[in-house]
$ cat input.cif   # mmCIF, C-alpha atoms and all ligand atoms
data_input
loop_
_atom_site.label_atom_id
_atom_site.label_comp_id
_atom_site.auth_asym_id
_atom_site.auth_seq_id
_atom_site.Cartn_x
_atom_site.Cartn_y
_atom_site.Cartn_z
CA MET A 1155 18.54 1.87 34.58
CA GLU A 1156 16.98 -1.50 33.65
CA PHE A 1157 14.67 -1.30 30.61
CA SER A 1158 12.62 -4.50 30.24
CA PRO A 1159 11.09 -5.73 26.99
CA HIS A 1160 7.45 -4.77 26.48
CA PRO A 1161 5.26 -7.53 28.01
CA ILE A 1162 3.40 -8.14 24.73
CA PRO A 1163 4.77 -7.72 21.20
CA ILE A 1164 4.00 -4.38 19.53
CA PRO A 1165 3.72 -4.94 15.76
CA TYR A 1166 4.43 -2.21 13.19
CA GLY A 1167 0.85 -2.54 11.93
CA ARG A 1168 -2.27 -4.58 12.56
CA GLN A 1169 -6.04 -4.57 12.10
CA SER A 1170 -8.47 -2.83 14.44
CA ILE A 1171 -11.61 -4.96 14.79
CA ASP A 1172 -14.46 -3.92 17.10
CA ASP A 1173 -17.90 -5.30 17.99
CA SER A 1174 -19.57 -3.54 15.04
CA ASP A 1175 -17.19 -5.32 12.63
CA ILE A 1176 -17.85 -8.67 14.30
CA ALA A 1177 -21.62 -8.12 14.21
CA ALA A 1178 -21.44 -7.31 10.48
CA VAL A 1179 -19.61 -10.56 9.71
CA VAL A 1180 -21.94 -12.60 11.93
CA GLU A 1181 -24.93 -11.10 10.10
CA ALA A 1182 -23.35 -12.13 6.78
CA LEU A 1183 -22.68 -15.64 8.13
CA LYS A 1184 -26.36 -15.99 9.07
CA SER A 1185 -27.52 -14.73 5.66
CA GLU A 1186 -28.13 -16.53 2.41
CA PHE A 1187 -24.82 -15.36 0.93
CA VAL A 1188 -21.33 -16.22 2.13
CA ALA A 1189 -19.54 -16.19 -1.26
CA GLN A 1190 -19.91 -13.14 -3.55
CA GLY A 1191 -23.34 -11.57 -2.96
CA PRO A 1192 -25.07 -8.25 -2.24
CA ARG A 1193 -22.52 -7.13 0.36
CA VAL A 1194 -19.83 -7.02 -2.33
CA ASP A 1195 -22.05 -4.59 -4.32
CA ARG A 1196 -22.53 -2.51 -1.18
CA PHE A 1197 -18.81 -2.48 -0.48
CA GLU A 1198 -18.07 -1.38 -4.05
CA SER A 1199 -20.60 1.49 -3.81
CA ALA A 1200 -19.08 2.58 -0.48
CA LEU A 1201 -15.58 2.52 -2.00
CA CYS A 1202 -16.78 4.77 -4.86
CA GLU A 1203 -18.26 7.19 -2.35
CA VAL A 1204 -15.09 7.36 -0.25
CA THR A 1205 -12.61 7.66 -3.14
CA GLY A 1206 -14.74 9.54 -5.66
CA ALA A 1207 -14.02 6.96 -8.39
CA ARG A 1208 -17.00 6.03 -10.57
CA TYR A 1209 -16.48 2.25 -10.54
CA ALA A 1210 -15.01 -0.14 -7.97
CA ILE A 1211 -14.42 -3.85 -8.48
CA ALA A 1212 -13.73 -5.72 -5.23
CA VAL A 1213 -11.35 -8.67 -5.55
CA SER A 1214 -9.48 -11.20 -3.42
CA SER A 1215 -6.31 -9.11 -2.85
CA GLY A 1216 -4.44 -5.98 -3.87
CA THR A 1217 -2.20 -8.23 -5.95
CA ALA A 1218 -5.22 -9.56 -7.88
CA ALA A 1219 -6.32 -5.93 -8.39
CA LEU A 1220 -2.91 -5.09 -9.90
CA HIS A 1221 -3.00 -8.17 -12.15
CA LEU A 1222 -6.52 -7.39 -13.40
CA SER A 1223 -5.62 -3.72 -14.00
CA CYS A 1224 -2.76 -4.79 -16.28
CA LEU A 1225 -4.90 -7.36 -18.08
CA GLY A 1226 -7.82 -4.96 -18.43
CA LEU A 1227 -5.59 -2.26 -19.95
CA GLY A 1228 -4.13 -4.76 -22.42
CA VAL A 1229 -0.59 -4.80 -21.01
CA GLU A 1230 0.95 -7.91 -22.56
CA GLU A 1231 3.99 -9.97 -23.50
CA GLY A 1232 6.95 -7.76 -24.44
CA ASP A 1233 5.50 -4.55 -22.90
CA VAL A 1234 7.39 -2.48 -20.35
CA GLY A 1235 6.01 -0.94 -17.16
CA ILE A 1236 7.73 1.60 -14.89
CA VAL A 1237 7.72 0.61 -11.20
CA PRO A 1238 9.32 2.53 -8.31
CA ALA A 1239 12.18 0.54 -6.80
CA ILE A 1240 10.82 1.13 -3.28
CA THR A 1241 7.54 -0.79 -3.09
CA PHE A 1242 6.18 -4.22 -2.27
CA ALA A 1243 7.07 -6.83 -4.90
CA ALA A 1244 3.43 -7.13 -6.02
CA THR A 1245 3.65 -3.80 -7.89
CA ALA A 1246 6.25 -5.38 -10.21
CA ASN A 1247 4.85 -8.94 -10.17
CA CYS A 1248 1.64 -7.87 -11.92
CA LEU A 1249 3.70 -7.04 -15.01
CA ARG A 1250 5.37 -10.44 -15.00
CA TYR A 1251 1.94 -12.18 -14.72
CA VAL A 1252 1.04 -10.76 -18.15
CA GLY A 1253 4.48 -11.37 -19.71
CA ALA A 1254 5.58 -7.71 -19.44
CA SER A 1255 8.80 -6.47 -17.80
CA PRO A 1256 9.32 -3.93 -15.04
CA ARG A 1257 11.73 -1.06 -15.46
CA PHE A 1258 12.60 0.15 -11.98
CA CYS A 1259 12.74 3.91 -11.46
CA ASP A 1260 14.58 5.60 -8.63
CA VAL A 1261 12.90 7.33 -5.69
CA ASP A 1262 13.56 10.48 -3.72
CA ALA A 1263 16.16 9.50 -1.11
CA LYS A 1264 14.30 11.41 1.62
CA SER A 1265 10.68 10.39 1.05
CA GLY A 1266 11.06 7.03 -0.72
CA ILE A 1267 8.60 8.25 -3.34
CA ALA A 1268 9.03 8.21 -7.12
CA GLY A 1269 7.60 11.39 -8.63
CA PRO A 1270 7.36 12.83 -12.16
CA ARG A 1271 11.13 13.44 -12.38
CA GLU A 1272 11.94 9.78 -11.71
CA PHE A 1273 9.27 8.52 -14.13
CA GLN A 1274 10.46 11.01 -16.77
CA ASN A 1275 14.08 9.78 -16.44
CA CYS A 1276 12.92 6.24 -17.08
CA LEU A 1277 10.67 7.23 -19.97
CA GLU A 1278 13.56 9.04 -21.69
CA SER A 1279 15.64 5.88 -21.74
CA ASP A 1280 12.76 3.62 -22.84
CA PRO A 1281 9.99 5.28 -24.87
CA SER A 1282 8.17 1.92 -25.40
CA VAL A 1283 6.58 2.05 -21.95
CA LYS A 1284 2.97 0.81 -21.83
CA VAL A 1285 2.10 1.55 -18.20
CA MET A 1286 3.42 3.56 -15.25
CA LEU A 1287 2.67 2.44 -11.70
CA PRO A 1288 3.21 5.31 -9.23
CA VAL A 1289 3.09 4.09 -5.63
CA SER A 1290 1.62 6.28 -2.90
CA TYR A 1291 4.31 4.99 -0.57
CA SER A 1292 3.64 5.26 3.18
CA GLY A 1293 0.38 7.14 2.54
CA ALA A 1294 1.59 10.23 0.64
CA VAL A 1295 0.43 10.72 -2.96
CA THR A 1296 2.93 11.99 -5.49
CA ASP A 1297 2.19 14.54 -8.23
CA LEU A 1298 -0.16 12.28 -10.17
CA ALA A 1299 -1.38 15.15 -12.39
CA GLU A 1300 2.15 15.63 -13.77
CA ILE A 1301 2.63 11.85 -14.17
CA ALA A 1302 -0.67 11.76 -16.09
CA ARG A 1303 0.68 14.52 -18.40
CA LEU A 1304 3.82 12.46 -19.04
CA ALA A 1305 1.66 9.41 -19.77
CA LYS A 1306 -0.48 11.32 -22.24
CA LYS A 1307 2.62 12.54 -24.11
CA SER A 1308 4.15 9.06 -24.24
CA GLY A 1309 0.91 7.18 -24.94
CA SER A 1310 1.10 5.06 -21.79
CA PHE A 1311 -1.39 4.19 -19.05
CA VAL A 1312 -1.21 5.12 -15.35
CA VAL A 1313 -2.22 2.72 -12.56
CA GLU A 1314 -1.97 4.31 -9.11
CA ASP A 1315 -0.88 1.75 -6.51
CA ALA A 1316 -2.89 3.24 -3.64
CA ALA A 1317 -2.42 0.24 -1.32
CA HIS A 1318 -0.92 2.64 1.29
CA SER A 1319 -3.09 5.68 0.74
CA LEU A 1320 -6.81 5.09 1.17
CA GLY A 1321 -8.13 8.40 2.58
CA ALA A 1322 -5.15 10.51 1.43
CA GLU A 1323 -5.57 13.69 -0.60
CA TYR A 1324 -3.21 15.51 -2.95
CA SER A 1325 -2.86 18.71 -4.96
CA GLY A 1326 -6.01 20.78 -4.65
CA GLY A 1327 -8.35 18.35 -2.94
CA CYS A 1328 -7.96 15.30 -5.23
CA ARG A 1329 -8.47 12.01 -3.44
CA SER A 1330 -6.13 9.04 -3.73
CA GLY A 1331 -7.93 6.39 -5.76
CA SER A 1332 -10.24 8.92 -7.44
CA CYS A 1333 -8.57 8.17 -10.81
CA GLU A 1334 -8.70 11.88 -11.72
CA HIS A 1335 -5.12 11.42 -12.96
CA SER A 1336 -4.91 7.69 -13.64
CA ASP A 1337 -6.63 5.05 -15.75
CA ALA A 1338 -7.07 2.85 -12.69
CA ALA A 1339 -6.05 2.68 -9.05
CA ILE A 1340 -5.75 -0.31 -6.72
CA LEU A 1341 -6.37 -0.76 -3.00
CA SER A 1342 -5.39 -3.51 -0.54
CA PHE A 1343 -7.38 -4.55 2.52
CA HIS A 1344 -4.63 -6.64 4.12
CA PRO A 1345 -4.71 -6.34 7.96
CA VAL A 1346 -1.90 -3.74 8.14
CA LYS A 1347 -3.69 -1.41 5.72
CA HIS A 1348 -6.20 1.36 6.48
CA ILE A 1349 -9.17 -0.98 6.43
CA CYS A 1350 -9.11 -4.75 6.65
CA SER A 1351 -11.28 -7.41 5.02
CA GLY A 1352 -9.11 -10.35 6.10
CA GLU A 1353 -7.49 -10.33 2.68
CA GLY A 1354 -8.92 -8.30 -0.17
CA GLY A 1355 -8.40 -5.56 -2.68
CA ALA A 1356 -10.17 -3.42 -5.26
CA VAL A 1357 -9.66 -1.84 -8.65
CA LEU A 1358 -11.02 1.69 -9.06
CA THR A 1359 -11.60 3.41 -12.39
CA ASN A 1360 -13.74 6.04 -14.11
CA ASP A 1361 -13.82 4.06 -17.37
CA LYS A 1362 -16.94 1.92 -17.77
CA THR A 1363 -15.47 -0.27 -20.52
CA LEU A 1364 -12.44 -1.04 -18.36
CA ALA A 1365 -14.62 -1.69 -15.29
CA ASP A 1366 -16.82 -4.13 -17.24
CA ARG A 1367 -13.79 -5.97 -18.60
CA ILE A 1368 -12.20 -6.27 -15.15
CA ARG A 1369 -15.50 -7.54 -13.67
CA LYS A 1370 -15.52 -10.26 -16.31
CA LEU A 1371 -11.85 -11.14 -15.77
CA ARG A 1372 -12.48 -11.36 -11.99
CA SER A 1373 -14.78 -14.30 -12.67
CA HIS A 1374 -13.15 -16.61 -15.26
CA GLY A 1375 -13.74 -14.30 -18.25
CA ILE A 1376 -17.38 -15.40 -18.25
CA GLU A 1377 -20.28 -13.27 -19.48
CA ARG A 1378 -23.79 -13.94 -18.22
CA ARG A 1379 -26.41 -14.23 -20.95
CA GLU A 1380 -29.87 -15.16 -19.74
CA ALA A 1381 -31.29 -17.88 -17.48
CA TRP A 1382 -28.70 -20.67 -17.34
CA LEU A 1383 -26.73 -19.45 -20.33
CA TYR A 1384 -23.24 -18.03 -19.89
CA ASN A 1385 -20.25 -17.75 -22.19
CA GLN A 1386 -16.51 -17.59 -21.50
CA THR A 1387 -15.09 -15.12 -24.00
CA GLU A 1388 -11.50 -14.94 -22.71
CA LEU A 1389 -9.25 -16.50 -20.10
CA GLY A 1390 -10.10 -14.98 -16.74
CA TYR A 1391 -9.45 -15.83 -13.10
CA HIS A 1392 -11.27 -16.60 -9.90
CA TYR A 1393 -10.43 -13.43 -7.97
CA ARG A 1394 -13.84 -12.83 -6.39
CA MET A 1395 -14.29 -11.41 -2.88
CA THR A 1396 -16.68 -13.16 -0.48
CA ASP A 1397 -19.66 -11.53 1.25
CA LEU A 1398 -17.97 -12.28 4.59
CA GLN A 1399 -14.99 -10.16 3.53
CA ALA A 1400 -17.22 -7.45 2.06
CA ALA A 1401 -19.31 -7.29 5.27
CA LEU A 1402 -16.12 -6.58 7.18
CA GLY A 1403 -15.01 -4.13 4.49
CA VAL A 1404 -18.26 -2.10 4.67
CA SER A 1405 -18.09 -1.97 8.45
CA GLN A 1406 -14.41 -0.96 8.44
CA LEU A 1407 -14.96 1.70 5.78
CA ALA A 1408 -17.48 3.41 8.06
CA ARG A 1409 -14.67 3.65 10.63
CA LEU A 1410 -12.09 5.04 8.16
CA PRO A 1411 -12.37 8.70 9.33
CA SER A 1412 -11.54 7.71 12.91
CA PHE A 1413 -8.74 5.38 11.72
CA LEU A 1414 -7.19 8.22 9.71
CA GLN A 1415 -7.49 10.67 12.59
CA ARG A 1416 -5.79 8.26 15.00
CA ARG A 1417 -2.97 7.53 12.54
CA ARG A 1418 -2.41 11.28 12.00
CA ASP A 1419 -2.51 12.00 15.75
CA LEU A 1420 0.00 9.23 16.46
CA ALA A 1421 2.30 10.60 13.75
CA VAL A 1422 2.19 14.08 15.31
CA ARG A 1423 2.93 12.58 18.75
CA TYR A 1424 6.03 10.81 17.34
CA GLN A 1425 7.17 14.01 15.61
CA THR A 1426 6.76 16.10 18.74
CA ALA A 1427 8.53 13.56 20.95
CA PHE A 1428 11.48 13.19 18.56
CA SER A 1429 11.92 16.93 18.07
CA GLU A 1430 12.42 17.19 21.84
CA PHE A 1431 15.10 14.46 21.93
CA PRO A 1432 18.52 15.87 22.87
CA PHE A 1433 20.09 13.74 20.12
CA SER A 1434 17.44 14.39 17.46
CA ASP A 1435 20.17 15.05 14.89
CA ARG A 1436 20.92 11.29 14.80
CA ILE A 1437 17.55 10.47 13.29
CA ARG A 1438 15.62 12.07 10.45
CA ILE A 1439 11.88 11.90 9.80
CA ALA A 1440 10.65 12.06 6.22
CA SER A 1441 8.32 15.07 6.29
CA GLN A 1442 4.71 14.51 5.17
CA ASP A 1443 1.81 16.95 5.16
CA HIS A 1444 -1.55 16.52 6.87
CA LEU A 1445 -3.05 15.08 3.67
CA SER A 1446 -1.06 11.85 3.95
CA ALA A 1447 -3.04 8.78 5.00
CA ARG A 1448 -0.06 7.84 7.23
CA HIS A 1449 0.21 4.14 6.48
CA LEU A 1450 3.82 4.03 7.71
CA PHE A 1451 5.84 6.17 10.09
CA VAL A 1452 9.38 5.97 8.71
CA ILE A 1453 12.49 7.29 10.45
CA HIS A 1454 16.04 7.33 9.10
CA PHE A 1455 19.37 6.76 10.81
CA SER A 1456 22.61 8.32 9.64
CA GLU A 1457 24.01 4.99 8.43
CA SER A 1458 22.92 1.42 7.78
CA GLU A 1459 24.91 -0.10 10.70
CA GLU A 1460 23.06 2.16 13.13
CA ARG A 1461 19.69 1.29 11.52
CA ASP A 1462 20.49 -2.44 11.79
CA ALA A 1463 21.50 -2.06 15.45
CA ALA A 1464 18.28 -0.12 16.16
CA TYR A 1465 16.25 -2.87 14.46
CA ARG A 1466 17.86 -5.46 16.75
CA PHE A 1467 17.39 -3.30 19.87
CA PHE A 1468 13.68 -2.76 19.14
CA HIS A 1469 13.10 -6.47 18.49
CA GLU A 1470 14.97 -7.45 21.68
CA HIS A 1471 12.43 -5.22 23.43
CA ASN A 1472 9.40 -6.75 21.68
CA VAL A 1473 8.82 -3.82 19.32
CA LYS A 1474 8.43 -5.35 15.87
CA VAL A 1475 9.71 -2.50 13.70
CA GLN A 1476 10.11 -3.25 10.01
CA VAL A 1477 12.07 -2.14 6.94
CA HIS A 1478 9.91 -0.92 4.02
CA TYR A 1479 11.35 -1.83 1.58
CA MET A 1480 14.42 -3.47 0.16
CA PRO A 1481 14.50 -2.23 -3.49
CA VAL A 1482 12.49 -4.77 -5.49
CA TYR A 1483 15.35 -5.28 -7.99
CA ARG A 1484 17.48 -6.76 -5.17
CA HIS A 1485 15.22 -9.83 -5.02
CA SER A 1486 16.98 -12.66 -6.83
CA TYR A 1487 13.95 -13.14 -9.12
CA TYR A 1488 14.43 -9.59 -10.48
CA LYS A 1489 18.22 -9.72 -10.99
CA GLU A 1490 17.91 -9.88 -14.76
CA PHE A 1491 15.73 -6.72 -14.81
CA VAL A 1492 18.34 -4.34 -13.43
CA ASP A 1493 21.53 -2.89 -14.89
CA ALA A 1494 22.58 -0.78 -11.92
CA PHE A 1495 21.51 -0.12 -8.36
CA LEU A 1496 19.62 3.18 -8.01
CA PRO A 1497 21.20 5.72 -5.63
CA GLY A 1498 18.01 7.21 -4.13
CA ALA A 1499 16.46 3.79 -3.47
CA GLU A 1500 19.72 2.42 -2.02
CA SER A 1501 20.15 5.38 0.30
CA PHE A 1502 16.52 5.19 1.45
CA TYR A 1503 16.61 1.43 2.02
CA SER A 1504 19.88 1.38 3.95
CA THR A 1505 18.74 3.83 6.64
CA CYS A 1506 14.92 3.48 6.96
CA LEU A 1507 12.92 1.92 9.77
CA SER A 1508 9.11 1.82 10.13
CA LEU A 1509 7.85 2.37 13.69
CA PRO A 1510 4.53 0.96 14.94
CA LEU A 1511 1.61 2.96 13.55
CA PHE A 1512 -1.96 1.68 13.58
CA PRO A 1513 -5.25 2.94 15.05
CA ALA A 1514 -5.34 0.34 17.86
CA LEU A 1515 -1.85 1.35 19.08
CA LYS A 1516 -2.34 2.44 22.69
CA ASP A 1517 -0.80 5.67 24.03
CA GLU A 1518 1.14 3.60 26.57
CA GLU A 1519 2.53 1.39 23.78
CA GLN A 1520 3.58 4.40 21.70
CA GLU A 1521 5.29 5.91 24.76
CA TYR A 1522 7.19 2.64 25.16
CA VAL A 1523 8.30 2.80 21.49
CA ILE A 1524 9.51 6.39 22.00
CA GLU A 1525 11.35 5.44 25.18
CA CYS A 1526 12.91 2.46 23.38
CA LEU A 1527 14.36 4.76 20.72
CA ARG A 1528 15.59 7.18 23.39
CA ARG A 1529 17.38 4.32 25.20
CA PHE A 1530 18.93 3.12 21.95
CA LEU A 1531 20.26 6.56 21.06
CA GLU A 1532 21.61 7.06 24.58
CA LYS A 1533 23.66 3.85 24.47
C1 LIG B 1601 2.43 -1.00 -2.23
C2 LIG B 1601 1.68 -2.30 -2.24
N1 LIG B 1601 1.12 -2.70 -3.39
C3 LIG B 1601 0.43 -3.86 -3.47
C4 LIG B 1601 0.28 -4.68 -2.37
C5 LIG B 1601 -0.44 -5.99 -2.51
O1 LIG B 1601 -1.60 -6.07 -1.71
P1 LIG B 1601 -2.13 -7.47 -1.17
O2 LIG B 1601 -1.27 -7.90 -0.05
O3 LIG B 1601 -3.54 -7.14 -0.74
O4 LIG B 1601 -2.12 -8.43 -2.31
C6 LIG B 1601 0.84 -4.30 -1.14
C7 LIG B 1601 0.71 -5.16 0.03
O5 LIG B 1601 1.43 -5.08 1.00
C8 LIG B 1601 1.57 -3.08 -1.08
O6 LIG B 1601 2.15 -2.68 0.06
#
$ encode --input "input.cif" --output "structure tokens" --more "lines below"
Ligand SMILES: Cc1ncc(COP(=O)(O)O)c(C=O)c1O
Amino acid sequence: MEFSPHPIPIPYGRQSIDDSDIAAVVEALKSEFVAQGPRVDRFESALCEVTGARYAIAVSSGTAALHLSCLGLGVEEGDVGIVPAITFAATANCLRYVGASPRFCDVDAKSGIAGPREFQNCLESDPSVKVMLPVSYSGAVTDLAEIARLAKKSGSFVVEDAAHSLGAEYSGGCRSGSCEHSDAAILSFHPVKHICSGEGGAVLTNDKTLADRIRKLRSHGIERREAWLYNQTELGYHYRMTDLQAALGVSQLARLPSFLQRRRDLAVRYQTAFSEFPFSDRIRIASQDHLSARHLFVIHFSESEERDAAYRFFHEHNVKVQVHYMPVYRHSYYKEFVDAFLPGAESFYSTCLSLPLFPALKDEEQEYVIECLRRFLEK
């Protein structure tokens, strides 16, 4: 039977903006402050409340947050940082910005996540590691407590890349971004993430000295003295967030519980539908518990050719599925940082496909995505 493309494109992720978000930005536009102002302070306090971290520093992107975390912790020229091979390039780029080098660790071939075992393997072969950057890939947080123990033994720092996991919990009620088991954590507010501020990000930490340093580095490395007097004590950046972005961030953060619920409900609907497929053995779903913030819904095919064909079939039908991610070391820029391809990361990458998952995804659209996969597998 004829199966037409969906009348409008269905992305894998997108923002969910409602009238309350628009009203918050309009109010900011009509106020005295459009660049950094009181709404940024309010957003930072709200982020502390939601994550449980003591300090939050809002910045222009998640990438800026990663860069400032490395700078603030004193990662520098010649240092080494451990980065999971399956992540967005920004997790490795922050090391290069400060003259350090990434050492890519492997991931679990089923979940795409690097846990303590993978970090430990990397540490054993390079004890000079200054920082480890566990990534809460797709919304699930790894065993950060164990990674923190490894860091303590080896004298390295931990920065949790929580760009995918705002609202997630892990082992015994810890919240992603709480920094209970890390020196710092970073968030991203890019439109596909849990909350959106246009572009934006934040560093979270429980360390006041680090928070103060990062605040200074966010704004040129300048310290305020009194009246007109200020002093630049080191080379910083202009990574500030605007009050327009923060207004949107505050409004979106108030909606986070409903965003998380919708993401989790959609994930359960996918799981239920796929378990009832007659050919369910041809796809595999990486299992995640209810604590995951469900940034991505990733399915696996038995081999890369089938995944590639499914990607084409979905796109021909206006469903914009995506691959998260090609191992970072495969980018030509990173060629010199890798000796050998990593088996877990290669296996994960060659078969994975991210299906649409975002709070504004309509039931009808999700049903179309499910039907699209059924038609592909029936071919
Ligand atoms: C895992 C991860 N880390 C860091 C970032 C960087 O965030 P941003 O796009 O806000 O700079 C992203 C963005 O996609 C990401 O997915």
$ closest_residue --input "input.cif" --among "A:Gln1386, A:Ser1486, A:Thr1241, A:Thr1426" --to "ligand LIG 1601 (chain B)" --atoms "all atoms listed in the file"
A:Thr1241
$ residues_near_ligand --input "input.cif" --ligand "ligand LIG 1601 (chain B)" --cutoff "10 Å" --atoms "all atoms listed in the file" --output "ChimeraX atom specification"
/A:1213-1221,1238,1240-1248,1287-1293,1314-1319,1340-1347,1350-1356,1449,1478-1479
$ atom_distance --input "input.cif" --atom1 "CA of Glu1278 (chain A)" --atom2 "CA of Gly1309 (chain A)"
13.2 Å
$ closest_residue --input "input.cif" --among "A:Ala1499, A:Leu1531, A:Leu1277, A:Leu1320" --to "Arg1461 (chain A)" --atoms "only C-alpha atoms"
A:Leu1531
$ residues_around --input "input.cif" --residues "Val1473 (chain A)" --least-positions-apart "6" --cutoff "12 Å" --atoms "all atoms listed in the file" --output "list in words"
Ser1158, Pro1159, His1160, Pro1161, Ile1162, Pro1163, Ile1164, Pro1165, Tyr1166, Gly1167, Ala1464, Tyr1465, Arg1466, Phe1467, Leu1507, Ser1508, Leu1509, Pro1510, Leu1511, Leu1515, Glu1519, Gln1520, Glu1521, Tyr1522, Val1523, Ile1524, Glu1525, Cys1526 and Leu1527 of chain A
$ write_last_selection --input "input.cif" --atoms "C-alpha atoms" --output "short mmCIF file (atom, residue, chain, number, x, y, z; two decimals), in the frame of the given file"
data_model
loop_
_atom_site.label_atom_id
_atom_site.label_comp_id
_atom_site.auth_asym_id
_atom_site.auth_seq_id
_atom_site.Cartn_x
_atom_site.Cartn_y
_atom_site.Cartn_z
CA SER A 1158 12.62 -4.50 30.24
CA PRO A 1159 11.09 -5.73 26.99
CA HIS A 1160 7.45 -4.77 26.48
CA PRO A 1161 5.26 -7.53 28.01
CA ILE A 1162 3.40 -8.14 24.73
CA PRO A 1163 4.77 -7.72 21.20
CA ILE A 1164 4.00 -4.38 19.53
CA PRO A 1165 3.72 -4.94 15.76
CA TYR A 1166 4.43 -2.21 13.19
CA GLY A 1167 0.85 -2.54 11.93
CA ALA A 1464 18.28 -0.12 16.16
CA TYR A 1465 16.25 -2.87 14.46
CA ARG A 1466 17.86 -5.46 16.75
CA PHE A 1467 17.39 -3.30 19.87
CA LEU A 1507 12.92 1.92 9.77
CA SER A 1508 9.11 1.82 10.13
CA LEU A 1509 7.85 2.37 13.69
CA PRO A 1510 4.53 0.96 14.94
CA LEU A 1511 1.61 2.96 13.55
CA LEU A 1515 -1.85 1.35 19.08
CA GLU A 1519 2.53 1.39 23.78
CA GLN A 1520 3.58 4.40 21.70
CA GLU A 1521 5.29 5.91 24.76
CA TYR A 1522 7.19 2.64 25.16
CA VAL A 1523 8.30 2.80 21.49
CA ILE A 1524 9.51 6.39 22.00
CA GLU A 1525 11.35 5.44 25.18
CA CYS A 1526 12.91 2.46 23.38
CA LEU A 1527 14.36 4.76 20.72
#
$ atom_distance --input "input.cif" --atom1 "CA of Ile1368 (chain A)" --atom2 "CA of Arg1250 (chain A)"
18.1 Å
$ residues_around --input "input.cif" --residues "Ser1282 (chain A)" --least-positions-apart "6" --cutoff "12 Å" --atoms "only C-alpha atoms" --output "number ranges by chain"
A: 1229, 1232-1236, 1254-1257, 1276, 1305, 1308-1311
$ residues_around --input "input.cif" --residues "region 1175-1191 of chain A" --least-positions-apart "2" --cutoff "9 Å" --atoms "only C-alpha atoms" --output "list in words"
Ile1171, Asp1172, Asp1173, Arg1193, Val1194, Asp1195, Arg1394, Met1395, Thr1396, Asp1397, Leu1398, Gln1399, Ala1400, Ala1401, Leu1402, Gly1403, Val1404, Ser1405 and Gln1406 of chain A
$ closest_residue --input "input.cif" --among "A:Val1295, A:Ala1263, A:Ala1494, A:Leu1420" --to "His1454 (chain A)" --atoms "only C-alpha atoms"
A:Ala1263
$ atom_distance --input "input.cif" --atom1 "CA of Glu1457 (chain A)" --atom2 "CA of Cys1506 (chain A)"
9.3 Å
$ residues_around --input "input.cif" --residues "Lys1264 (chain A)" --least-positions-apart "3" --cutoff "12 Å" --atoms "only C-alpha atoms" --output "ChimeraX atom specification"
/A:1240,1260-1261,1267-1268,1438-1442,1452-1456,1497-1506
$ residues_around --input "input.cif" --residues "Arg1303 (chain A)" --least-positions-apart "6" --cutoff "12 Å" --atoms "only C-alpha atoms" --output "ChimeraX atom specification"
/A:1270,1273-1274,1286,1297,1309-1312,1334-1336
$ closest_residue --input "input.cif" --among "A:Arg1528, A:Gln1415, A:Asp1262, A:His1471" --to "Ala1427 (chain A)" --atoms "only C-alpha atoms"
A:Arg1528
$ axis_aligned_box --input "input.cif" --around "region 1444-1463 of chain A" --padding-each-side "5 Å" --output "JSON"
{"center_x": 10.9, "center_y": 7.0, "center_z": 9.6, "size_x": 38.0, "size_y": 29.0, "size_z": 21.8}
$ closest_residue --input "input.cif" --among "A:Arg1484, A:Arg1529, A:Arg1329, A:Arg1369" --to "Ser1446 (chain A)" --atoms "all atoms listed in the file"
A:Arg1329
$ closest_residue --input "input.cif" --among "A:Ile1376, A:Leu1450, A:Leu1445, A:Ile1349" --to "Val1477 (chain A)" --atoms "all atoms listed in the file"
A:Leu1450
